[in-house]
>>> print(open('query.cif').read())   # mmCIF, C-alpha atoms
data_work
loop_
_atom_site.label_atom_id
_atom_site.label_comp_id
_atom_site.auth_asym_id
_atom_site.auth_seq_id
_atom_site.Cartn_x
_atom_site.Cartn_y
_atom_site.Cartn_z
CA PRO A 1287 34.57 28.13 -176.99
CA VAL A 1288 33.10 25.98 -174.22
CA HIS A 1289 31.10 23.06 -175.61
CA PRO A 1290 27.96 22.07 -173.68
CA ASN A 1291 27.80 18.67 -172.03
CA GLY A 1292 24.94 16.24 -172.56
CA LEU A 1293 22.61 17.91 -170.07
CA GLY A 1294 23.53 21.30 -171.51
CA LEU A 1295 22.44 20.11 -174.96
CA VAL A 1296 19.19 18.71 -173.59
CA LYS A 1297 18.43 21.98 -171.82
CA THR A 1298 19.15 23.95 -174.99
CA PHE A 1299 16.91 21.70 -177.14
CA VAL A 1300 13.89 21.85 -174.80
CA LYS A 1301 14.18 25.62 -174.36
CA GLN A 1302 14.49 26.20 -178.12
CA ALA A 1303 11.48 23.95 -178.73
CA GLU A 1304 9.09 26.43 -177.14
CA LYS A 1305 10.37 29.40 -179.17
CA PRO A 1306 8.44 30.30 -182.34
CA SER A 1307 10.17 29.90 -185.71
CA SER A 1308 9.60 31.79 -188.97
CA THR A 1309 11.24 29.14 -191.16
CA SER A 1310 9.33 25.96 -190.22
CA PRO A 1311 6.00 24.98 -188.65
CA SER A 1312 6.27 25.30 -184.89
CA SER A 1313 4.80 21.83 -184.17
CA GLN A 1314 7.27 20.14 -186.53
CA ARG A 1315 10.22 22.08 -185.12
CA GLU A 1316 9.12 21.39 -181.53
CA LYS A 1317 8.78 17.66 -182.20
CA LEU A 1318 12.22 17.54 -183.82
CA LEU A 1319 13.92 19.33 -180.91
CA HIS A 1320 12.17 17.22 -178.28
CA GLY A 1321 13.21 14.12 -180.22
CA LEU A 1322 16.85 15.29 -180.24
CA ALA A 1323 16.73 15.97 -176.49
CA ALA A 1324 15.28 12.49 -175.89
CA LYS A 1325 17.98 10.83 -178.02
CA VAL A 1326 20.75 12.63 -176.11
CA CYS A 1327 19.26 11.48 -172.77
CA PHE A 1328 18.95 7.88 -173.92
CA THR A 1329 22.34 7.66 -175.66
CA LEU A 1330 24.26 9.19 -172.75
CA ARG A 1331 22.21 7.27 -170.15
CA ILE A 1332 21.20 10.47 -168.39
CA SER A 1333 19.42 9.43 -165.20
CA LEU A 1334 16.10 10.60 -163.80
CA ASP A 1335 17.98 12.20 -160.91
CA GLU A 1336 20.09 14.25 -163.33
CA ILE A 1337 17.04 15.34 -165.32
CA GLN A 1338 15.25 16.46 -162.15
CA LYS A 1339 18.32 18.27 -160.90
CA ASP A 1340 19.38 20.13 -164.06
CA ILE A 1341 16.39 20.43 -166.39
CA PRO A 1342 13.76 23.07 -165.49
CA LEU A 1343 10.65 21.50 -163.97
CA LYS A 1344 8.28 22.73 -166.68
CA TYR A 1345 10.17 20.73 -169.35
CA GLN A 1346 10.66 17.48 -167.42
CA ARG A 1347 7.31 15.76 -168.06
CA GLN A 1348 7.40 16.46 -171.82
CA LEU A 1349 10.99 15.24 -172.05
CA LEU A 1350 10.33 12.01 -170.15
CA THR A 1351 7.17 11.38 -172.17
CA GLU A 1352 9.15 11.79 -175.39
CA ILE A 1353 11.89 9.42 -174.22
CA SER A 1354 9.37 6.73 -173.22
CA SER A 1355 7.56 7.13 -176.55
CA ILE A 1356 10.63 6.93 -178.79
CA TYR A 1357 12.26 4.12 -176.80
CA SER A 1358 9.09 2.15 -175.99
CA SER A 1359 11.01 -1.14 -176.33
CA HIS A 1360 12.96 -0.15 -173.20
CA PRO A 1361 10.45 -0.47 -170.32
CA GLU A 1362 12.69 1.33 -167.84
CA GLN A 1363 12.11 4.56 -169.78
CA LYS A 1364 8.35 4.43 -169.20
CA GLU A 1365 9.02 3.47 -165.59
CA ASN A 1366 11.12 6.62 -165.24
CA LEU A 1367 8.13 8.70 -166.35
CA HIS A 1368 5.91 7.08 -163.70
CA ARG A 1369 8.64 7.40 -161.07
CA TRP A 1370 8.77 11.11 -161.89
CA VAL A 1371 5.01 11.37 -161.31
CA LEU A 1372 5.27 9.79 -157.83
CA ARG A 1373 8.31 11.89 -156.93
CA SER A 1374 6.52 15.05 -158.06
CA VAL A 1375 3.58 14.33 -155.77
CA VAL A 1376 5.87 13.65 -152.79
CA ARG A 1377 7.83 16.84 -153.49
CA GLY A 1378 4.68 18.93 -153.77
CA ASN A 1379 5.11 19.96 -157.41
CA ASN A 1380 2.28 21.81 -159.14
CA PRO A 1381 -0.37 19.22 -160.21
CA LEU A 1382 -0.82 21.14 -163.47
CA LEU A 1383 2.77 20.28 -164.38
CA ILE A 1384 2.35 16.59 -163.50
CA GLN A 1385 -0.71 15.87 -165.72
CA HIS A 1386 -0.74 12.20 -164.71
CA ASP A 1387 -2.82 10.23 -162.21
CA PRO A 1388 -0.42 9.12 -159.43
CA ALA A 1389 -2.62 6.12 -158.61
CA SER A 1390 -2.20 4.85 -162.20
CA SER A 1391 1.56 5.44 -162.03
CA LEU A 1392 1.75 3.57 -158.73
CA GLN A 1393 -0.16 0.60 -160.15
CA TYR A 1394 2.03 0.56 -163.26
CA LEU A 1395 5.24 0.49 -161.22
CA ILE A 1396 3.97 -2.16 -158.81
CA SER A 1397 3.08 -4.33 -161.80
CA SER A 1398 6.40 -3.68 -163.51
CA THR A 1399 8.48 -4.57 -160.44
CA SER A 1400 6.88 -7.99 -160.34
CA THR A 1401 8.04 -8.70 -163.90
CA ILE A 1402 11.53 -7.14 -163.88
CA ASN A 1403 14.02 -9.98 -164.19
CA SER A 1404 17.77 -9.87 -164.42
CA PRO A 1405 19.29 -11.21 -167.64
CA SER A 1406 20.37 -14.84 -167.51
CA SER A 1407 23.97 -15.48 -166.61
CA SER A 1408 26.44 -15.64 -169.50
CA SER A 1409 27.08 -19.01 -171.12
CA SER A 1410 30.53 -20.57 -171.33
CA THR A 1411 30.61 -20.01 -175.09
CA GLN A 1412 30.51 -16.20 -174.81
CA ASN A 1413 33.77 -14.35 -174.98
CA GLN A 1414 35.05 -12.14 -172.17
CA ALA A 1415 33.86 -8.91 -173.82
CA GLU A 1416 30.30 -10.22 -174.08
CA GLY A 1417 30.47 -11.45 -170.49
CA ASP A 1418 31.59 -8.03 -169.21
CA GLU A 1419 28.87 -6.30 -171.23
CA GLN A 1420 26.23 -8.58 -169.78
CA LYS A 1421 27.53 -8.00 -166.24
CA ASP A 1422 27.20 -4.26 -166.82
CA GLU A 1423 23.64 -4.76 -168.05
CA ILE A 1424 22.75 -6.87 -164.99
CA ARG A 1425 24.25 -4.20 -162.72
CA ARG A 1426 22.29 -1.41 -164.45
CA LYS A 1427 19.05 -3.37 -164.16
CA LYS A 1428 19.69 -3.92 -160.46
CA GLU A 1429 20.39 -0.24 -159.89
CA HIS A 1430 17.18 0.65 -161.74
CA LYS A 1431 15.12 -1.90 -159.81
CA VAL A 1432 16.43 -0.58 -156.49
CA ALA A 1433 15.46 2.96 -157.54
CA VAL A 1434 11.95 1.84 -158.60
CA TYR A 1435 11.31 0.04 -155.29
CA PHE A 1436 12.66 3.08 -153.43
CA ASP A 1437 10.36 5.57 -155.21
CA VAL A 1438 7.32 3.31 -154.84
CA GLY A 1439 8.08 2.78 -151.13
CA GLU A 1440 8.53 6.51 -150.53
CA TYR A 1441 5.22 7.32 -152.23
CA LEU A 1442 3.37 4.58 -150.30
CA LEU A 1443 4.76 6.01 -147.08
CA PHE A 1444 3.61 9.48 -148.20
CA ILE A 1445 0.01 8.22 -148.58
CA ASP A 1446 0.20 6.35 -145.24
CA GLN A 1447 0.27 2.79 -146.61
CA PHE A 1448 2.93 1.77 -144.11
CA SER A 1449 3.00 -2.01 -144.51
CA GLU A 1450 3.23 -1.82 -148.31
CA ALA A 1451 5.85 0.91 -148.03
CA GLU A 1452 7.94 -1.24 -145.68
CA LYS A 1453 7.69 -4.19 -148.09
CA HIS A 1454 8.95 -2.21 -151.10
CA LEU A 1455 11.68 -0.42 -149.14
CA ASN A 1456 12.93 -3.76 -147.78
CA LEU A 1457 13.03 -5.11 -151.35
CA ALA A 1458 15.11 -2.07 -152.34
CA LYS A 1459 17.50 -2.73 -149.47
CA GLU A 1460 17.72 -6.44 -150.24
CA ILE A 1461 18.76 -5.85 -153.87
CA ALA A 1462 20.97 -2.93 -152.85
CA SER A 1463 22.98 -5.24 -150.57
CA SER A 1464 24.28 -7.03 -153.68
CA LEU A 1465 25.60 -3.82 -155.25
CA ASP A 1466 29.01 -2.28 -154.75
CA ARG A 1467 28.70 0.64 -152.31
CA VAL A 1468 30.01 3.18 -154.87
CA LEU A 1469 27.43 2.01 -157.42
CA LEU A 1470 24.73 2.01 -154.76
CA LEU A 1471 25.42 5.64 -153.91
CA LYS A 1472 24.65 6.50 -157.55
CA ALA A 1473 21.34 4.64 -157.42
CA ILE A 1474 19.79 5.87 -154.16
CA ASP A 1475 20.38 7.85 -150.98
CA ILE A 1476 21.27 5.07 -148.51
CA GLN A 1477 20.67 7.13 -145.37
CA ARG A 1478 17.30 8.24 -146.72
CA LEU A 1479 16.38 4.61 -147.39
CA ASP A 1480 17.22 3.69 -143.80
CA GLY A 1481 15.23 6.67 -142.53
CA LEU A 1482 12.18 5.76 -144.62
CA LEU A 1483 12.37 2.17 -143.41
CA LEU A 1484 12.33 3.36 -139.80
CA ALA A 1485 9.37 5.63 -140.51
CA ALA A 1486 7.50 2.69 -142.11
CA THR A 1487 8.28 0.28 -139.26
CA PRO A 1488 5.26 -0.35 -136.98
CA GLN A 1489 5.70 1.42 -133.66
CA ASP A 1490 5.56 -1.77 -131.59
CA GLN A 1491 8.39 -3.31 -133.65
CA LEU A 1492 10.44 -0.13 -133.40
CA ILE A 1493 9.98 -0.01 -129.63
CA SER A 1494 10.93 -3.70 -129.45
CA LYS A 1495 14.21 -3.07 -131.33
CA ILE A 1496 15.04 -0.13 -129.10
CA GLN A 1497 14.11 -2.13 -126.01
CA SER A 1498 16.57 -4.87 -126.99
CA LYS A 1499 19.33 -2.22 -127.32
CA ILE A 1500 18.48 -0.90 -123.86
CA ASN A 1501 18.43 -4.41 -122.39
CA LYS A 1502 21.89 -5.03 -123.86
CA ARG A 1503 23.16 -1.81 -122.33
CA SER A 1504 21.59 -2.79 -118.99
CA THR A 1505 23.48 -6.10 -119.14
CA ASP A 1506 26.74 -4.36 -120.03
CA GLU A 1507 26.54 -1.43 -117.59
CA GLY A 1508 24.22 -2.54 -114.80
CA ALA A 1509 20.53 -2.17 -114.01
CA ILE A 1510 18.51 0.72 -115.42
CA ASP A 1511 15.54 1.98 -113.39
CA LYS A 1512 12.07 2.30 -114.93
CA GLU A 1513 12.16 6.10 -115.20
CA GLU A 1514 15.46 6.09 -117.07
CA GLU A 1515 14.26 3.25 -119.28
CA ASP A 1516 11.14 5.21 -120.31
CA LEU A 1517 13.16 8.30 -121.13
CA LEU A 1518 15.72 6.22 -123.04
CA VAL A 1519 12.97 4.63 -125.16
CA LYS A 1520 11.54 8.05 -126.03
CA SER A 1521 15.03 9.40 -126.77
CA GLU A 1522 16.01 6.48 -129.00
CA CYS A 1523 12.67 6.63 -130.82
CA ALA A 1524 13.24 10.30 -131.57
CA HIS A 1525 16.79 9.51 -132.71
CA SER A 1526 15.71 6.57 -134.89
CA LEU A 1527 12.96 8.61 -136.57
CA GLN A 1528 15.34 11.58 -136.88
CA ASN A 1529 12.86 13.78 -135.03
CA TRP A 1530 15.46 16.22 -133.76
CA PRO A 1531 13.10 18.75 -132.07
CA ILE A 1532 11.66 15.96 -129.86
CA LEU A 1533 15.15 14.65 -129.05
CA LEU A 1534 16.25 18.14 -127.96
CA ASP A 1535 13.06 18.54 -125.89
CA ILE A 1536 13.82 15.28 -124.09
CA LEU A 1537 17.34 16.46 -123.25
CA LYS A 1538 15.92 19.74 -121.94
CA VAL A 1539 13.63 17.79 -119.61
CA ASP A 1540 16.57 15.66 -118.50
CA ASN A 1541 18.48 18.84 -117.62
CA ILE A 1542 15.92 19.32 -114.85
CA ARG A 1543 15.38 15.72 -113.80
CA LYS A 1544 18.90 14.31 -114.35
CA ILE A 1545 17.67 10.83 -115.30
CA LEU A 1546 19.68 9.84 -118.37
CA ASN A 1547 23.13 8.35 -117.95
CA TRP A 1548 25.81 10.96 -118.65
CA SER A 1549 27.77 8.70 -121.03
CA TYR A 1550 24.58 8.21 -123.08
CA ARG A 1551 24.11 11.96 -123.42
CA CYS A 1552 27.73 12.36 -124.47
CA SER A 1553 27.34 9.60 -127.06
CA LEU A 1554 24.65 11.63 -128.84
CA ALA A 1555 27.25 14.24 -129.71
CA ASN A 1556 30.00 11.76 -130.64
CA SER A 1557 31.07 10.80 -134.15
CA ILE A 1558 29.54 7.31 -133.76
CA ARG A 1559 26.09 8.90 -134.21
CA GLN A 1560 26.77 9.65 -137.86
CA ASN A 1561 23.17 10.32 -138.84
CA ILE A 1562 22.76 13.24 -136.41
CA PRO A 1563 23.52 16.52 -138.27
CA SER A 1564 26.37 18.64 -136.92
CA SER A 1565 23.96 21.53 -136.25
CA ILE A 1566 21.96 19.25 -133.91
CA LYS A 1567 25.09 17.86 -132.24
CA ILE A 1568 26.17 21.41 -131.36
CA LYS A 1569 22.80 21.98 -129.70
CA ILE A 1570 23.15 18.68 -127.81
CA VAL A 1571 26.54 19.82 -126.52
CA CYS A 1572 24.94 23.13 -125.45
CA LEU A 1573 22.27 21.24 -123.51
CA ASN A 1574 24.92 18.97 -121.97
CA THR A 1575 26.80 22.09 -120.83
CA ILE A 1576 23.65 23.43 -119.15
CA ARG A 1577 23.15 20.14 -117.31
CA MET A 1578 26.74 20.13 -116.07
CA CYS A 1579 26.40 23.65 -114.70
CA LEU A 1580 23.08 22.85 -113.00
CA HIS A 1581 24.22 19.71 -111.24
CA GLY A 1582 27.62 20.72 -109.90
CA GLU A 1583 29.66 19.24 -112.73
CA ALA A 1584 31.12 22.52 -113.95
CA TYR A 1585 34.60 20.99 -114.08
CA LEU A 1586 33.45 19.18 -117.24
CA VAL A 1587 32.35 22.39 -118.99
CA PRO A 1588 35.77 23.23 -120.55
CA THR A 1589 35.78 19.82 -122.26
CA CYS A 1590 32.31 20.46 -123.66
CA ILE A 1591 33.18 23.96 -124.86
CA GLN A 1592 36.36 22.62 -126.48
CA ARG A 1593 34.24 20.07 -128.35
CA ILE A 1594 31.99 22.84 -129.66
CA TYR A 1595 34.90 24.79 -131.10
CA LYS A 1596 37.25 21.99 -132.09
CA GLY A 1597 34.98 19.17 -133.19
CA LEU A 1598 31.87 20.90 -134.42
CA GLY A 1599 32.77 24.44 -135.37
CA LEU A 1600 31.88 27.92 -134.10
CA LEU A 1601 28.39 28.64 -132.86
CA ASP A 1602 26.20 30.39 -135.41
CA SER A 1603 23.46 32.85 -134.44
CA ASP A 1604 20.79 30.14 -134.47
CA THR A 1605 22.74 27.92 -132.06
CA SER A 1606 23.61 30.88 -129.82
CA ASN A 1607 19.92 31.81 -129.60
CA PHE A 1608 19.08 28.16 -128.86
CA PHE A 1609 21.68 28.05 -126.07
CA PHE A 1610 20.45 31.18 -124.29
CA THR A 1611 16.77 30.30 -124.78
CA SER A 1612 17.43 26.85 -123.31
CA CYS A 1613 19.13 28.45 -120.32
CA ALA A 1614 16.10 30.71 -119.78
CA GLU A 1615 13.68 27.79 -120.11
CA THR A 1616 15.68 25.77 -117.60
CA VAL A 1617 15.62 28.58 -115.04
CA SER A 1618 11.87 28.93 -115.56
CA HIS A 1619 11.31 25.20 -115.03
CA LEU A 1620 13.44 25.18 -111.89
CA SER A 1621 11.20 27.84 -110.38
CA GLN A 1622 8.02 26.03 -111.46
CA SER A 1623 8.62 22.34 -110.83
CA THR A 1624 5.10 21.34 -111.82
CA MET A 1625 5.81 22.58 -115.35
CA THR A 1626 8.33 19.79 -115.89
CA GLN A 1627 5.73 17.07 -116.37
CA ILE A 1628 3.62 19.29 -118.64
CA TYR A 1629 6.64 20.12 -120.78
CA PHE A 1630 7.63 16.46 -121.08
CA LYS A 1631 4.15 15.30 -122.16
CA ARG A 1632 3.71 17.89 -124.95
#
>>> encode(input="query.cif", output="structure tokens")
Amino acid sequence: PVHPNGLGLVKTFVKQAEKPSSTSPSSQREKLLHGLAAKVCFTLRISLDEIQKDIPLKYQRQLLTEISSIYSSHPEQKENLHRWVLRSVVRGNNPLLIQHDPASSLQYLISSTSTINSPSSSSSTQNQAEGDEQKDEIRRKKEHKVAVYFDVGEYLLFIDQFSEAEKHLNLAKEIASSLDRVLLLKAIDIQRLDGLLLAATPQDQLISKIQSKINKRSTDEGAIDKEEEDLLVKSECAHSLQNWPILLDILKVDNIRKILNWSYRCSLANSIRQNIPSSIKIKIVCLNTIRMCLHGEAYLVPTCIQRIYKGLGLLDSDTSNFFFTSCAETVSHLSQSTMTQIYFKR
């Protein structure tokens, strides 16, 4: 027989807890089973991410409440409950299932992050085993603190408190920099952290960063005229904020106006742009192909087509529709030149 793992046991206990019993009072049986589920979670160090991924949503709040109640001497358990509340709001879970005030949870976590301290470093009199155990405890506390700052920052961004969100996300990144990359991947989604930080960055600062990149490129490759600079800023903003529809719209406009440097457009589909999804890169290559055909550069088309098939995979129906729709839009814009400016300013 196949024995259930820890999460399997937890799932079994919480499901059995809601079933009526003829042999014992239902409240007593329910409390016992919830207590067993909580002990399994605590003993096996089952994370909040694992609970949210594998335990049905309707059981999660009760389970986390039970864990924080039984193990009240471990503050991170109560913090997990409040983190769950903030995450549930951001993810749009049913408020009836949350049953907590997110503002109270936010305040609790902000207060707790100001008092979380790493254990003191091991003294010379401790043996190696004790030293290793303490290092593990310090690492776990760091991982937990990073996750708390991350969840608080994400929620603050969700409620449009940008400066506070940026502060907490930067704290998460600062502590994360001291963790081993493999351990960090277990604690948070690094790419998501970077994306949230960009979203929380004031627009003038974001533009300034992008402007410095453009200035560097201008120094390396020669002068860039004002029109290209404006389009580059908009393109890099869309890329930095991962707003792919706007980025594709900008490339469509450039197919008509031929402003952006060709090497820049190619770079958007290269492997160096790791945060651009493959599905978007395929569409970028499609738009690059249209531009080549329009402006007498058809000799480059075979290279582009080869990249679609070899580097990015076969076109699916969505990408095929995008390609032909983009071709039709381009033809329409060529016949109505005044539409170009309207399209760009949408």
>>> resolve_selection(input="query.cif", expression="the PyMOL selection byres ((chain A and resi 1357-1366) around 8)", output="ChimeraX atom specification")
/A:1334,1350-1351,1353-1356,1367-1370,1394-1395,1398,1430,1434
>>> residues_around(input="query.cif", residues="Gly1481 of chain A", least_positions_apart="2", cutoff="8 Å", atoms="only C-alpha atoms", output="PyMOL selection string")
chain A and resi 1477-1479+1483-1485+1526-1528
>>> write_last_selection(input="query.cif", atoms="C-alpha atoms", output="PDB file, in the frame of the given file")
ATOM      1  CA  GLN A1477      20.670   7.130-145.370  1.00  0.00           C
ATOM      2  CA  ARG A1478      17.300   8.240-146.720  1.00  0.00           C
ATOM      3  CA  LEU A1479      16.380   4.610-147.390  1.00  0.00           C
ATOM      4  CA  LEU A1483      12.370   2.170-143.410  1.00  0.00           C
ATOM      5  CA  LEU A1484      12.330   3.360-139.800  1.00  0.00           C
ATOM      6  CA  ALA A1485       9.370   5.630-140.510  1.00  0.00           C
ATOM      7  CA  SER A1526      15.710   6.570-134.890  1.00  0.00           C
ATOM      8  CA  LEU A1527      12.960   8.610-136.570  1.00  0.00           C
ATOM      9  CA  GLN A1528      15.340  11.580-136.880  1.00  0.00           C
TER      10      GLN A1528
END
>>> resolve_selection(input="query.cif", expression="the PyMOL selection byres ((chain A and resi 1318-1326) around 12)", output="number ranges by chain")
A: 1291-1305, 1310-1317, 1327-1333, 1337, 1341, 1345-1357, 1363
>>> atom_distance(input="query.cif", atom1="atom CA of Leu1392 of chain A", atom2="atom CA of Glu1440 of chain A")
11.0 Å
>>> closest_residue(input="query.cif", among="A:Leu1455, A:Tyr1550, A:Glu1514, A:Lys1520", to="Ile1532 of chain A", atoms="all atoms listed in the file")
A:Lys1520
>>> atom_distance(input="query.cif", atom1="atom CA of Pro1388 of chain A", atom2="atom CA of Ile1445 of chain A")
10.9 Å
>>> residues_around(input="query.cif", residues="Ile1384 of chain A", least_positions_apart="5", cutoff="8 Å", atoms="only C-alpha atoms", output="ChimeraX atom specification")
/A:1347,1371,1374,1379
>>> atom_distance(input="query.cif", atom1="atom CA of Pro1342 of chain A", atom2="atom CA of His1386 of chain A")
18.1 Å
>>> resolve_selection(input="query.cif", expression="the PyMOL selection byres ((chain A and resi 1569) around 8)", output="list in words")
Leu1534, Ser1565, Ile1566, Lys1567, Ile1568, Ile1570, Val1571, Cys1572, Leu1573, Thr1605, Phe1608 and Phe1609 of chain A
